>>> print(open('upload02.cif').read())   # mmCIF, C-alpha atoms and all ligand atoms
data_entry
loop_
_atom_site.group_PDB
_atom_site.id
_atom_site.type_symbol
_atom_site.label_atom_id
_atom_site.label_comp_id
_atom_site.auth_asym_id
_atom_site.auth_seq_id
_atom_site.Cartn_x
_atom_site.Cartn_y
_atom_site.Cartn_z
ATOM 1 C CA MET A 1 -12.439 -25.847 -12.220
ATOM 2 C CA ASP A 2 -11.557 -22.817 -14.284
ATOM 3 C CA GLU A 3 -13.805 -19.775 -14.005
ATOM 4 C CA GLN A 4 -13.736 -19.415 -17.793
ATOM 5 C CA GLN A 5 -15.670 -22.633 -18.167
ATOM 6 C CA GLY A 6 -18.552 -20.607 -16.704
ATOM 7 C CA ARG A 7 -21.564 -22.512 -17.891
ATOM 8 C CA GLY A 8 -20.245 -25.945 -17.042
ATOM 9 C CA ALA A 9 -19.242 -24.794 -13.576
ATOM 10 C CA SER A 10 -22.612 -23.255 -12.914
ATOM 11 C CA GLU A 11 -24.426 -26.417 -13.993
ATOM 12 C CA THR A 12 -22.356 -28.418 -11.532
ATOM 13 C CA ARG A 13 -23.176 -25.942 -8.793
ATOM 14 C CA SER A 14 -26.874 -25.864 -9.422
ATOM 15 C CA THR A 15 -27.151 -29.621 -8.948
ATOM 16 C CA GLY A 16 -25.333 -29.526 -5.598
ATOM 17 C CA ARG A 17 -26.721 -28.806 -2.168
ATOM 18 C CA ARG A 18 -27.346 -25.264 -1.077
ATOM 19 C CA VAL A 19 -25.064 -23.750 1.539
ATOM 20 C CA PRO A 20 -26.573 -21.524 4.265
ATOM 21 C CA ALA A 21 -24.895 -18.146 4.771
ATOM 22 C CA LEU A 22 -24.557 -16.003 7.867
ATOM 23 C CA VAL A 23 -23.868 -12.296 7.498
ATOM 24 C CA LEU A 24 -22.393 -11.044 10.747
ATOM 25 C CA SER A 25 -22.649 -7.300 10.813
ATOM 26 C CA GLY A 26 -22.572 -4.527 13.382
ATOM 27 C CA PHE A 27 -21.168 -1.056 13.865
ATOM 28 C CA LEU A 28 -17.470 -0.295 14.328
ATOM 29 C CA GLY A 29 -16.206 -1.922 17.506
ATOM 30 C CA ALA A 30 -19.245 -4.093 18.272
ATOM 31 C CA GLY A 31 -17.034 -7.150 18.846
ATOM 32 C CA LYS A 32 -17.780 -9.096 15.659
ATOM 33 C CA THR A 33 -14.331 -10.695 15.453
ATOM 34 C CA THR A 34 -14.643 -12.096 18.985
ATOM 35 C CA ILE A 35 -17.950 -13.730 18.052
ATOM 36 C CA VAL A 36 -16.435 -15.158 14.854
ATOM 37 C CA GLN A 37 -13.512 -16.616 16.831
ATOM 38 C CA ARG A 38 -15.929 -18.474 19.144
ATOM 39 C CA LEU A 39 -18.116 -19.589 16.266
ATOM 40 C CA LEU A 40 -15.150 -21.023 14.351
ATOM 41 C CA ALA A 41 -13.925 -22.887 17.433
ATOM 42 C CA ASP A 42 -17.376 -24.387 17.915
ATOM 43 C CA ALA A 43 -17.674 -25.330 14.237
ATOM 44 C CA ARG A 44 -14.282 -27.067 14.397
ATOM 45 C CA ALA A 45 -15.374 -28.999 17.486
ATOM 46 C CA ARG A 46 -18.573 -30.099 15.755
ATOM 47 C CA GLY A 47 -16.940 -30.938 12.426
ATOM 48 C CA ILE A 48 -18.780 -28.207 10.517
ATOM 49 C CA ARG A 49 -16.760 -26.835 7.607
ATOM 50 C CA VAL A 50 -17.010 -23.043 7.615
ATOM 51 C CA ALA A 51 -15.808 -20.788 4.826
ATOM 52 C CA LEU A 52 -15.185 -17.347 6.300
ATOM 53 C CA VAL A 53 -15.006 -14.080 4.425
ATOM 54 C CA SER A 54 -13.860 -11.255 6.652
ATOM 55 C CA ASN A 55 -14.002 -7.650 5.517
ATOM 56 C CA GLU A 56 -11.919 -4.797 6.871
ATOM 57 C CA LEU A 57 -12.220 -1.188 5.878
ATOM 58 C CA GLY A 58 -8.506 -0.638 6.459
ATOM 59 C CA GLU A 59 -5.820 -2.303 4.399
ATOM 60 C CA LEU A 60 -3.663 -3.908 7.059
ATOM 61 C CA GLY A 61 -5.373 -7.259 7.638
ATOM 62 C CA ILE A 62 -5.451 -6.940 11.431
ATOM 63 C CA ASP A 63 -8.397 -9.335 11.689
ATOM 64 C CA ARG A 64 -6.425 -11.961 9.804
ATOM 65 C CA ALA A 65 -3.722 -11.680 12.460
ATOM 66 C CA LEU A 66 -6.311 -11.925 15.243
ATOM 67 C CA LEU A 67 -8.227 -14.823 13.685
ATOM 68 C CA GLY A 68 -5.088 -16.810 12.900
ATOM 69 C CA GLN A 69 -4.346 -18.707 9.735
ATOM 70 C CA GLY A 70 -7.544 -20.238 8.498
ATOM 71 C CA GLY A 71 -5.989 -21.781 5.412
ATOM 72 C CA GLN A 72 -7.873 -21.888 2.141
ATOM 73 C CA SER A 73 -11.286 -21.555 3.789
ATOM 74 C CA TYR A 74 -10.555 -18.048 5.041
ATOM 75 C CA VAL A 75 -10.459 -15.008 2.800
ATOM 76 C CA GLU A 76 -9.968 -11.460 3.982
ATOM 77 C CA LEU A 77 -11.244 -8.645 1.788
ATOM 78 C CA GLU A 78 -9.426 -5.494 2.836
ATOM 79 C CA GLY A 79 -9.316 -1.852 1.903
ATOM 80 C CA GLY A 80 -13.017 -1.173 1.395
ATOM 81 C CA CYS A 81 -16.522 -2.183 2.306
ATOM 82 C CA VAL A 82 -17.979 -5.504 1.188
ATOM 83 C CA CYS A 83 -21.548 -4.220 0.776
ATOM 84 C CA CYS A 84 -20.572 -1.642 -1.851
ATOM 85 C CA GLU A 85 -17.119 -1.118 -3.382
ATOM 86 C CA LEU A 86 -15.987 -4.717 -2.776
ATOM 87 C CA SER A 87 -19.262 -6.442 -3.669
ATOM 88 C CA ASP A 88 -17.854 -7.953 -6.888
ATOM 89 C CA ASP A 89 -14.903 -9.279 -4.909
ATOM 90 C CA LEU A 90 -17.354 -10.806 -2.440
ATOM 91 C CA LEU A 91 -19.247 -12.574 -5.210
ATOM 92 C CA GLU A 92 -16.023 -13.916 -6.773
ATOM 93 C CA THR A 93 -14.783 -15.055 -3.373
ATOM 94 C CA LEU A 94 -18.004 -16.928 -2.588
ATOM 95 C CA VAL A 95 -17.830 -18.740 -5.934
ATOM 96 C CA ARG A 96 -14.183 -19.648 -5.449
ATOM 97 C CA LEU A 97 -14.721 -20.882 -1.871
ATOM 98 C CA HIS A 98 -17.711 -22.916 -2.982
ATOM 99 C CA ASP A 99 -15.731 -24.570 -5.757
ATOM 100 C CA GLU A 100 -12.503 -25.106 -3.824
ATOM 101 C CA VAL A 101 -13.609 -25.688 -0.234
ATOM 102 C CA ASP A 102 -17.185 -26.991 -0.587
ATOM 103 C CA PRO A 103 -18.151 -25.606 2.852
ATOM 104 C CA ASP A 104 -21.127 -26.529 5.035
ATOM 105 C CA ARG A 105 -21.632 -22.874 5.940
ATOM 106 C CA PHE A 106 -20.560 -19.463 4.759
ATOM 107 C CA VAL A 107 -19.839 -16.742 7.295
ATOM 108 C CA ILE A 108 -19.367 -13.190 6.062
ATOM 109 C CA GLU A 109 -18.048 -10.823 8.689
ATOM 110 C CA THR A 110 -18.693 -7.396 7.217
ATOM 111 C CA SER A 111 -16.882 -4.156 7.887
ATOM 112 C CA GLY A 112 -18.328 -2.076 10.715
ATOM 113 C CA VAL A 113 -19.950 0.333 8.286
ATOM 114 C CA ALA A 114 -21.545 -2.197 5.920
ATOM 115 C CA LEU A 115 -25.282 -2.510 5.433
ATOM 116 C CA PRO A 116 -26.306 -6.167 5.890
ATOM 117 C CA TYR A 117 -29.101 -5.979 3.322
ATOM 118 C CA ASP A 118 -26.744 -4.693 0.623
ATOM 119 C CA THR A 119 -24.336 -7.522 1.476
ATOM 120 C CA GLN A 120 -27.147 -10.100 1.242
ATOM 121 C CA LEU A 121 -28.185 -8.775 -2.185
ATOM 122 C CA ASN A 122 -25.082 -10.496 -3.564
ATOM 123 C CA PHE A 123 -26.670 -13.872 -2.771
ATOM 124 C CA TRP A 124 -29.242 -13.160 -5.510
ATOM 125 C CA ARG A 125 -26.560 -12.558 -8.124
ATOM 126 C CA GLU A 126 -25.467 -15.195 -10.626
ATOM 127 C CA PRO A 127 -23.973 -17.660 -9.900
ATOM 128 C CA ALA A 128 -24.203 -17.343 -6.080
ATOM 129 C CA CYS A 129 -27.997 -17.672 -6.299
ATOM 130 C CA ASP A 130 -27.451 -21.265 -7.500
ATOM 131 C CA PHE A 131 -25.661 -22.438 -4.390
ATOM 132 C CA ILE A 132 -26.431 -20.127 -1.434
ATOM 133 C CA GLY A 133 -29.266 -21.474 0.726
ATOM 134 C CA ASP A 134 -30.942 -19.756 3.672
ATOM 135 C CA ASP A 135 -29.244 -16.570 4.730
ATOM 136 C CA MET A 136 -29.429 -14.649 7.954
ATOM 137 C CA ALA A 137 -28.182 -11.254 9.069
ATOM 138 C CA ALA A 138 -27.034 -11.226 12.682
ATOM 139 C CA VAL A 139 -26.240 -7.708 13.852
ATOM 140 C CA VAL A 140 -23.911 -7.270 16.792
ATOM 141 C CA VAL A 141 -24.623 -4.257 18.993
ATOM 142 C CA ASN A 142 -22.166 -2.733 21.456
ATOM 143 C CA ALA A 143 -24.187 -2.328 24.686
ATOM 144 C CA GLU A 144 -21.802 0.350 25.888
ATOM 145 C CA GLN A 145 -22.404 2.417 22.753
ATOM 146 C CA LEU A 146 -26.175 2.226 23.355
ATOM 147 C CA HIS A 147 -25.695 3.091 27.007
ATOM 148 C CA GLU A 148 -23.640 6.152 26.081
ATOM 149 C CA GLY A 149 -26.124 7.087 23.334
ATOM 150 C CA ARG A 150 -23.203 7.469 20.935
ATOM 151 C CA ASP A 151 -23.491 7.292 17.104
ATOM 152 C CA LEU A 152 -26.947 5.721 17.113
ATOM 153 C CA GLU A 153 -28.202 7.414 13.970
ATOM 154 C CA GLY A 154 -27.446 6.619 10.343
ATOM 155 C CA THR A 155 -25.436 3.456 9.768
ATOM 156 C CA PHE A 156 -26.049 2.008 13.235
ATOM 157 C CA GLU A 157 -29.794 2.393 12.849
ATOM 158 C CA ASP A 158 -29.816 0.975 9.298
ATOM 159 C CA GLN A 159 -27.846 -2.071 10.424
ATOM 160 C CA VAL A 160 -30.058 -2.742 13.437
ATOM 161 C CA GLN A 161 -33.252 -2.407 11.407
ATOM 162 C CA SER A 162 -32.128 -5.001 8.872
ATOM 163 C CA ALA A 163 -31.220 -7.639 11.478
ATOM 164 C CA ASP A 164 -32.798 -11.089 11.534
ATOM 165 C CA LEU A 165 -31.134 -11.547 14.916
ATOM 166 C CA LEU A 166 -29.748 -8.899 17.264
ATOM 167 C CA ILE A 167 -26.839 -9.731 19.540
ATOM 168 C CA LEU A 168 -26.632 -7.257 22.401
ATOM 169 C CA HIS A 169 -22.920 -7.629 23.086
ATOM 170 C CA LYS A 170 -20.337 -6.305 25.558
ATOM 171 C CA LEU A 171 -22.868 -6.158 28.393
ATOM 172 C CA ASP A 172 -19.998 -6.576 30.821
ATOM 173 C CA LEU A 173 -19.068 -2.952 30.048
ATOM 174 C CA VAL A 174 -22.425 -1.694 31.349
ATOM 175 C CA PRO A 175 -23.722 -1.937 34.978
ATOM 176 C CA GLU A 176 -26.116 -4.874 35.249
ATOM 177 C CA SER A 177 -28.830 -2.574 36.623
ATOM 178 C CA GLU A 178 -28.831 -0.819 33.211
ATOM 179 C CA TRP A 179 -29.165 -3.914 31.006
ATOM 180 C CA ASP A 180 -32.953 -3.744 30.659
ATOM 181 C CA ALA A 181 -32.843 -0.029 29.856
ATOM 182 C CA VAL A 182 -30.157 -0.614 27.223
ATOM 183 C CA GLU A 183 -32.214 -3.362 25.588
ATOM 184 C CA ALA A 184 -35.314 -1.125 25.705
ATOM 185 C CA ARG A 185 -33.348 1.531 23.844
ATOM 186 C CA LEU A 186 -32.444 -1.007 21.167
ATOM 187 C CA ARG A 187 -36.101 -2.026 20.974
ATOM 188 C CA GLU A 188 -37.053 1.562 20.162
ATOM 189 C CA ILE A 189 -34.950 1.261 17.016
ATOM 190 C CA GLU A 190 -35.902 -2.320 16.091
ATOM 191 C CA PRO A 191 -38.944 -3.731 17.896
ATOM 192 C CA ASP A 192 -39.280 -7.031 16.021
ATOM 193 C CA ALA A 193 -36.026 -8.941 15.531
ATOM 194 C CA PRO A 194 -35.232 -11.475 18.260
ATOM 195 C CA CYS A 195 -32.508 -10.241 20.599
ATOM 196 C CA VAL A 196 -29.999 -12.232 22.620
ATOM 197 C CA ARG A 197 -27.571 -10.887 25.200
ATOM 198 C CA ALA A 198 -23.903 -11.787 25.065
ATOM 199 C CA ILE A 199 -20.588 -11.193 26.792
ATOM 200 C CA ARG A 200 -17.134 -11.831 25.272
ATOM 201 C CA GLY A 201 -18.452 -13.473 22.140
ATOM 202 C CA GLU A 202 -20.528 -16.156 23.833
ATOM 203 C CA VAL A 203 -23.549 -16.736 21.636
ATOM 204 C CA ASP A 204 -25.356 -20.066 21.305
ATOM 205 C CA PRO A 205 -24.020 -21.395 17.968
ATOM 206 C CA ASP A 206 -27.415 -22.932 17.172
ATOM 207 C CA LEU A 207 -28.781 -19.393 16.906
ATOM 208 C CA LEU A 208 -26.144 -18.436 14.358
ATOM 209 C CA PHE A 209 -26.134 -21.786 12.571
ATOM 210 C CA PRO A 210 -29.796 -22.835 12.796
ATOM 211 C CA PRO A 211 -29.951 -26.634 12.471
ATOM 212 C CA ASP A 212 -33.083 -26.331 10.321
ATOM 213 C CA ALA A 213 -31.584 -23.918 7.772
ATOM 214 C CA GLY A 214 -33.237 -25.081 4.597
ATOM 215 C CA GLU A 215 -33.358 -24.568 0.901
ATOM 216 C CA LEU A 216 -34.256 -21.140 -0.352
ATOM 217 C CA ASP A 217 -35.485 -20.529 -3.861
ATOM 218 C CA ARG A 218 -33.659 -17.534 -5.242
ATOM 219 C CA ARG A 219 -35.462 -17.320 -8.549
ATOM 220 C CA GLY A 220 -37.010 -13.886 -8.929
ATOM 221 C CA PRO A 221 -36.031 -10.647 -7.261
ATOM 222 C CA PRO A 222 -34.747 -10.276 -3.683
ATOM 223 C CA PRO A 223 -37.165 -9.007 -1.010
ATOM 224 C CA PRO A 224 -37.425 -5.215 -0.854
ATOM 225 C CA SER A 225 -35.453 -3.354 1.778
ATOM 226 C CA ARG A 226 -36.406 -0.331 3.813
ATOM 227 C CA PRO A 227 -34.965 2.882 2.461
ATOM 228 C CA HIS A 228 -31.430 3.344 3.698
ATOM 229 C CA SER A 229 -28.303 5.127 2.682
ATOM 230 C CA HIS A 230 -24.659 4.300 3.008
ATOM 231 C CA GLU A 231 -22.728 6.886 4.980
ATOM 232 C CA HIS A 232 -19.141 7.630 4.123
ATOM 233 C CA PHE A 233 -16.264 6.794 6.365
ATOM 234 C CA GLU A 234 -12.555 7.355 5.960
ATOM 235 C CA THR A 235 -9.651 5.278 7.123
ATOM 236 C CA SER A 236 -6.125 6.433 7.753
ATOM 237 C CA GLU A 237 -3.035 4.936 9.295
ATOM 238 C CA TRP A 238 -1.102 6.280 12.257
ATOM 239 C CA ASN A 239 2.410 5.067 12.968
ATOM 240 C CA PRO A 240 3.322 5.679 16.602
ATOM 241 C CA PRO A 241 7.094 5.528 17.136
ATOM 242 C CA ASP A 242 8.633 2.342 18.537
ATOM 243 C CA GLY A 243 9.318 2.469 22.262
ATOM 244 C CA MET A 244 6.438 4.833 23.050
ATOM 245 C CA ARG A 245 5.222 4.370 26.621
ATOM 246 C CA CYS A 246 1.718 2.937 27.019
ATOM 247 C CA ASP A 247 0.507 5.955 29.006
ATOM 248 C CA ALA A 248 1.749 8.341 26.288
ATOM 249 C CA LEU A 249 0.085 6.175 23.644
ATOM 250 C CA GLU A 250 -3.161 6.282 25.595
ATOM 251 C CA ALA A 251 -2.976 10.075 25.944
ATOM 252 C CA ALA A 252 -2.382 10.452 22.211
ATOM 253 C CA LEU A 253 -5.386 8.247 21.445
ATOM 254 C CA GLU A 254 -7.555 10.155 23.927
ATOM 255 C CA SER A 255 -6.888 13.364 22.087
ATOM 256 C CA ARG A 256 -7.818 11.694 18.778
ATOM 257 C CA CYS A 257 -11.062 10.477 20.372
ATOM 258 C CA ARG A 258 -11.909 14.060 21.267
ATOM 259 C CA GLU A 259 -11.408 14.892 17.588
ATOM 260 C CA GLY A 260 -14.056 12.418 16.453
ATOM 261 C CA LEU A 261 -12.175 9.129 16.089
ATOM 262 C CA LEU A 262 -14.740 6.287 15.926
ATOM 263 C CA ARG A 263 -12.508 3.241 15.890
ATOM 264 C CA ALA A 264 -8.835 2.321 15.971
ATOM 265 C CA LYS A 265 -7.114 -1.020 15.813
ATOM 266 C CA GLY A 266 -3.493 -2.066 15.441
ATOM 267 C CA PHE A 267 -0.260 -3.341 16.939
ATOM 268 C CA VAL A 268 2.406 -1.135 18.564
ATOM 269 C CA ARG A 269 5.933 -1.845 19.849
ATOM 270 C CA THR A 270 5.678 0.038 23.142
ATOM 271 C CA ALA A 271 8.341 0.536 25.794
ATOM 272 C CA GLU A 272 6.490 -2.174 27.753
ATOM 273 C CA GLY A 273 6.505 -4.644 24.831
ATOM 274 C CA PRO A 274 4.246 -5.384 21.854
ATOM 275 C CA ARG A 275 0.635 -4.361 22.420
ATOM 276 C CA LEU A 276 -2.712 -4.687 20.656
ATOM 277 C CA VAL A 277 -4.475 -1.315 20.589
ATOM 278 C CA GLN A 278 -8.250 -1.126 20.287
ATOM 279 C CA VAL A 279 -10.308 2.059 20.476
ATOM 280 C CA VAL A 280 -14.115 1.952 20.407
ATOM 281 C CA GLY A 281 -15.807 5.279 21.010
ATOM 282 C CA ARG A 282 -14.127 6.669 24.115
ATOM 283 C CA ARG A 283 -12.898 3.297 25.339
ATOM 284 C CA ILE A 284 -9.190 2.691 24.806
ATOM 285 C CA GLU A 285 -7.742 -0.778 25.373
ATOM 286 C CA ILE A 286 -4.027 -1.482 25.209
ATOM 287 C CA THR A 287 -3.412 -5.171 25.851
ATOM 288 C CA GLU A 288 -0.540 -7.629 25.679
ATOM 289 C CA VAL A 289 -0.394 -9.563 22.438
ATOM 290 C CA ASP A 290 -1.253 -13.272 22.595
ATOM 291 C CA GLY A 291 1.740 -15.101 21.156
ATOM 292 C CA GLU A 292 3.791 -13.502 18.386
ATOM 293 C CA ALA A 293 2.867 -10.024 17.210
ATOM 294 C CA PRO A 294 2.888 -10.081 13.387
ATOM 295 C CA ALA A 295 6.067 -8.138 12.472
ATOM 296 C CA PRO A 296 4.729 -6.384 9.331
ATOM 297 C CA LEU A 297 1.798 -5.000 11.327
ATOM 298 C CA LEU A 298 3.794 -3.637 14.274
ATOM 299 C CA GLY A 299 3.759 0.137 14.647
ATOM 300 C CA ARG A 300 0.633 0.577 12.537
ATOM 301 C CA ILE A 301 -2.809 1.644 13.729
ATOM 302 C CA VAL A 302 -5.834 1.965 11.461
ATOM 303 C CA LEU A 303 -8.046 4.924 12.351
ATOM 304 C CA ILE A 304 -11.661 5.262 11.186
ATOM 305 C CA HIS A 305 -13.614 8.546 11.102
ATOM 306 C CA ARG A 306 -16.844 9.684 9.557
ATOM 307 C CA ALA A 307 -15.948 11.334 6.267
ATOM 308 C CA GLY A 308 -15.240 15.016 6.680
ATOM 309 C CA THR A 309 -14.793 14.857 10.446
ATOM 310 C CA ARG A 310 -11.082 14.099 10.415
ATOM 311 C CA ARG A 311 -8.929 16.934 11.647
HETATM 312 ZN ZN ZN A 401 -20.598 -0.707 1.988
#
>>> encode(input="upload02.cif", output="structure tokens")
Amino acid sequence: MDEQQGRGASETRSTGRRVPALVLSGFLGAGKTTIVQRLLADARARGIRVALVSNELGELGIDRALLGQGGQSYVELEGGCVCCELSDDLLETLVRLHDEVDPDRFVIETSGVALPYDTQLNFWREPACDFIGDDMAAVVVNAEQLHEGRDLEGTFEDQVQSADLLILHKLDLVPESEWDAVEARLREIEPDAPCVRAIRGEVDPDLLFPPDAGELDRRGPPPPSRPHSHEHFETSEWNPPDGMRCDALEAALESRCREGLLRAKGFVRTAEGPRLVQVVGRRIEITEVDGEAPAPLLGRIVLIHRAGTRR
């Protein structure tokens, strides 16, 4: 149906069933994409039709390469943040997916700097308010980041405090004897939201897709949020030369980490073959690429800094 028909389309929508929406949020490098991969596999196995909107701050579409081709039910919004500068694109995308795909569930994987509440506000906007049912913000937390006490103020705190569900992720990167202390630290920031522990994306899908998700009346204003502010982050692209050795690549990334790099992600043609590069805080991972490395993305790494800290 054509968007221009507006009124007619919205009448059709308002008579249909409401579709629950999951906002999966979490700071840069929390492992959101891994959780989405598992969730999609589970939904496929159970015959649940998921429409996924994935949001990357950079413009390369690395997540699309990692998540594979999802067909018409997968939209990637790149080159900005979905809770603010891309919020109109998010609204348009939800309407289009609803009309074209008629999903059982929406999943919105936000950028690592997005505020879940600001993302959820879009569900109260016309015409999404006519067809979005219960919504939930699950916030993924990198246990290693908590353990290191790194970047816990500002965006991280705002995200954690607006969670309906906390997923304490990447616990395998922290000694097991520290797990309780790490969770206690998270509890100091957000004492109330339920918290589950997870490793390598394994979260009970019933927690993320509650079977009893019901109808939510979105007439009237959205619930108030706690005061929060959106910090500014900058992305840039680094093009390491083809044939660089992995150890040289690692050394170059280490020096960028010392200069305040928060997150890096991309594919490189190294002397040892194509590699996926992931940097989270001080952790640098250079791993073999599963299957074909996407040619247009090779030799390109997205770097994310806090605004004004890039040297
Ligand atoms: Zn934003």
>>> residues_around(input="upload02.cif", residues="region 230-246 of chain A", least_positions_apart="6", cutoff="7 Å", atoms="all atoms listed in the file", output="VMD selection string")
chain A and resid 58 155 269 to 272 299 to 307
>>> closest_residue(input="upload02.cif", among="A:Arg283, A:Arg256, A:Arg96, A:Lys32", to="Pro127 (chain A)", atoms="only C-alpha atoms")
A:Arg96
>>> closest_atom_pairs(input="upload02.cif", of="chain A", to="ligand ZN 401 (chain A)", cutoff="7 Å", atoms="only C-alpha atoms and all ligand atoms", output="CSV")
residue,atom,partner,partner_atom,distance
A:Cys81,CA,A:ZN401,ZN,4.3
A:Val82,CA,A:ZN401,ZN,5.5
A:Cys83,CA,A:ZN401,ZN,3.8
A:Cys84,CA,A:ZN401,ZN,4.0
A:Glu85,CA,A:ZN401,ZN,6.4
A:Val113,CA,A:ZN401,ZN,6.4
A:Ala114,CA,A:ZN401,ZN,4.3
A:Leu115,CA,A:ZN401,ZN,6.1
A:His230,CA,A:ZN401,ZN,6.5
>>> axis_aligned_box(input="upload02.cif", around="region 135-153 of chain A", padding_each_side="8 Å", output="lines of an AutoDock Vina configuration file")
center_x = -25.6
center_y = -4.6
center_z = 15.9
size_x = 23.6
size_y = 40.0
size_z = 38.3
>>> closest_residue(input="upload02.cif", among="A:Leu262, A:Cys129, A:Leu60, A:Leu166", to="Leu91 (chain A)", atoms="only C-alpha atoms")
A:Cys129
>>> closest_residue(input="upload02.cif", among="A:Glu285, A:Asp89, A:Asp217, A:Asp247", to="Ile132 (chain A)", atoms="only C-alpha atoms")
A:Asp217
>>> atom_distance(input="upload02.cif", atom1="CA of Cys195 (chain A)", atom2="CA of Ala41 (chain A)")
22.7 Å
>>> closest_residue(input="upload02.cif", among="A:Ala163, A:Ala248, A:Leu207, A:Val19", to="Pro191 (chain A)", atoms="all atoms listed in the file")
A:Ala163
>>> atom_distance(input="upload02.cif", atom1="CA of Leu121 (chain A)", atom2="CA of Arg219 (chain A)")
12.9 Å
>>> closest_residue(input="upload02.cif", among="A:Ser87, A:Arg263, A:Pro116, A:Ala30", to="Arg200 (chain A)", atoms="only C-alpha atoms")
A:Ala30
>>> closest_residue(input="upload02.cif", among="A:Leu146, A:Asp135, A:Ile48, A:Gly31", to="Pro222 (chain A)", atoms="all atoms listed in the file")
A:Asp135
>>> residues_around(input="upload02.cif", residues="Leu216 (chain A)", least_positions_apart="3", cutoff="12 Å", atoms="only C-alpha atoms", output="PyMOL selection string")
chain A and resi 17-21+123-124+129-136+212-213+219-220+222
>>> residues_around(input="upload02.cif", residues="Thr93 (chain A)", least_positions_apart="6", cutoff="12 Å", atoms="only C-alpha atoms", output="PyMOL selection string")
chain A and resi 3+51-55+72-77+82+86-87+99-101+106-108+122-123+127-128
>>> resolve_selection(input="upload02.cif", expression="the PyMOL selection byres (((chain A and resi 168) around 12) and not hetatm)", output="VMD selection string")
chain A and resid 26 to 27 30 to 32 35 138 to 147 160 163 165 to 167 169 to 174 179 to 180 182 to 187 193 to 203
>>> resolve_selection(input="upload02.cif", expression="the PyMOL selection byres (((chain A and resi 257) around 12) and not hetatm)", output="PyMOL selection string")
chain A and resi 250-256+258-264+278-284+303-305+309-311
>>> atom_distance(input="upload02.cif", atom1="CA of Phe209 (chain A)", atom2="CA of Glu78 (chain A)")
25.3 Å
>>> residues_around(input="upload02.cif", residues="Tyr117 (chain A)", least_positions_apart="6", cutoff="10 Å", atoms="all atoms listed in the file", output="count of residues only")
16
>>> build_atoms(input="upload02.cif", residues="region 178-189 of chain A", atoms="N, CA and C atoms", output="short mmCIF file (atom, residue, chain, number, x, y, z; two decimals), in the coordinates of the input")
data_model
loop_
_atom_site.label_atom_id
_atom_site.label_comp_id
_atom_site.auth_asym_id
_atom_site.auth_seq_id
_atom_site.Cartn_x
_atom_site.Cartn_y
_atom_site.Cartn_z
N GLU A 178 -28.45 -1.58 34.41
CA GLU A 178 -28.83 -0.82 33.21
C GLU A 178 -29.19 -1.71 32.02
N TRP A 179 -29.01 -3.03 32.17
CA TRP A 179 -29.16 -3.91 31.01
C TRP A 179 -30.55 -3.82 30.36
N ASP A 180 -31.60 -3.80 31.22
CA ASP A 180 -32.95 -3.74 30.66
C ASP A 180 -33.18 -2.42 29.93
N ALA A 181 -32.67 -1.34 30.49
CA ALA A 181 -32.84 -0.03 29.86
C ALA A 181 -32.12 0.02 28.51
N VAL A 182 -30.93 -0.58 28.47
CA VAL A 182 -30.16 -0.61 27.22
C VAL A 182 -30.91 -1.42 26.16
N GLU A 183 -31.46 -2.57 26.56
CA GLU A 183 -32.21 -3.36 25.59
C GLU A 183 -33.48 -2.61 25.14
N ALA A 184 -34.12 -1.90 26.07
CA ALA A 184 -35.31 -1.12 25.70
C ALA A 184 -34.96 -0.06 24.66
N ARG A 185 -33.79 0.52 24.80
CA ARG A 185 -33.35 1.53 23.84
C ARG A 185 -33.17 0.91 22.45
N LEU A 186 -32.61 -0.30 22.43
CA LEU A 186 -32.44 -1.01 21.17
C LEU A 186 -33.81 -1.33 20.56
N ARG A 187 -34.74 -1.69 21.41
CA ARG A 187 -36.10 -2.03 20.97
C ARG A 187 -36.83 -0.84 20.36
N GLU A 188 -36.45 0.38 20.78
CA GLU A 188 -37.05 1.56 20.16
C GLU A 188 -36.64 1.65 18.70
N ILE A 189 -35.45 1.19 18.40
CA ILE A 189 -34.95 1.26 17.02
C ILE A 189 -35.46 0.08 16.20
#
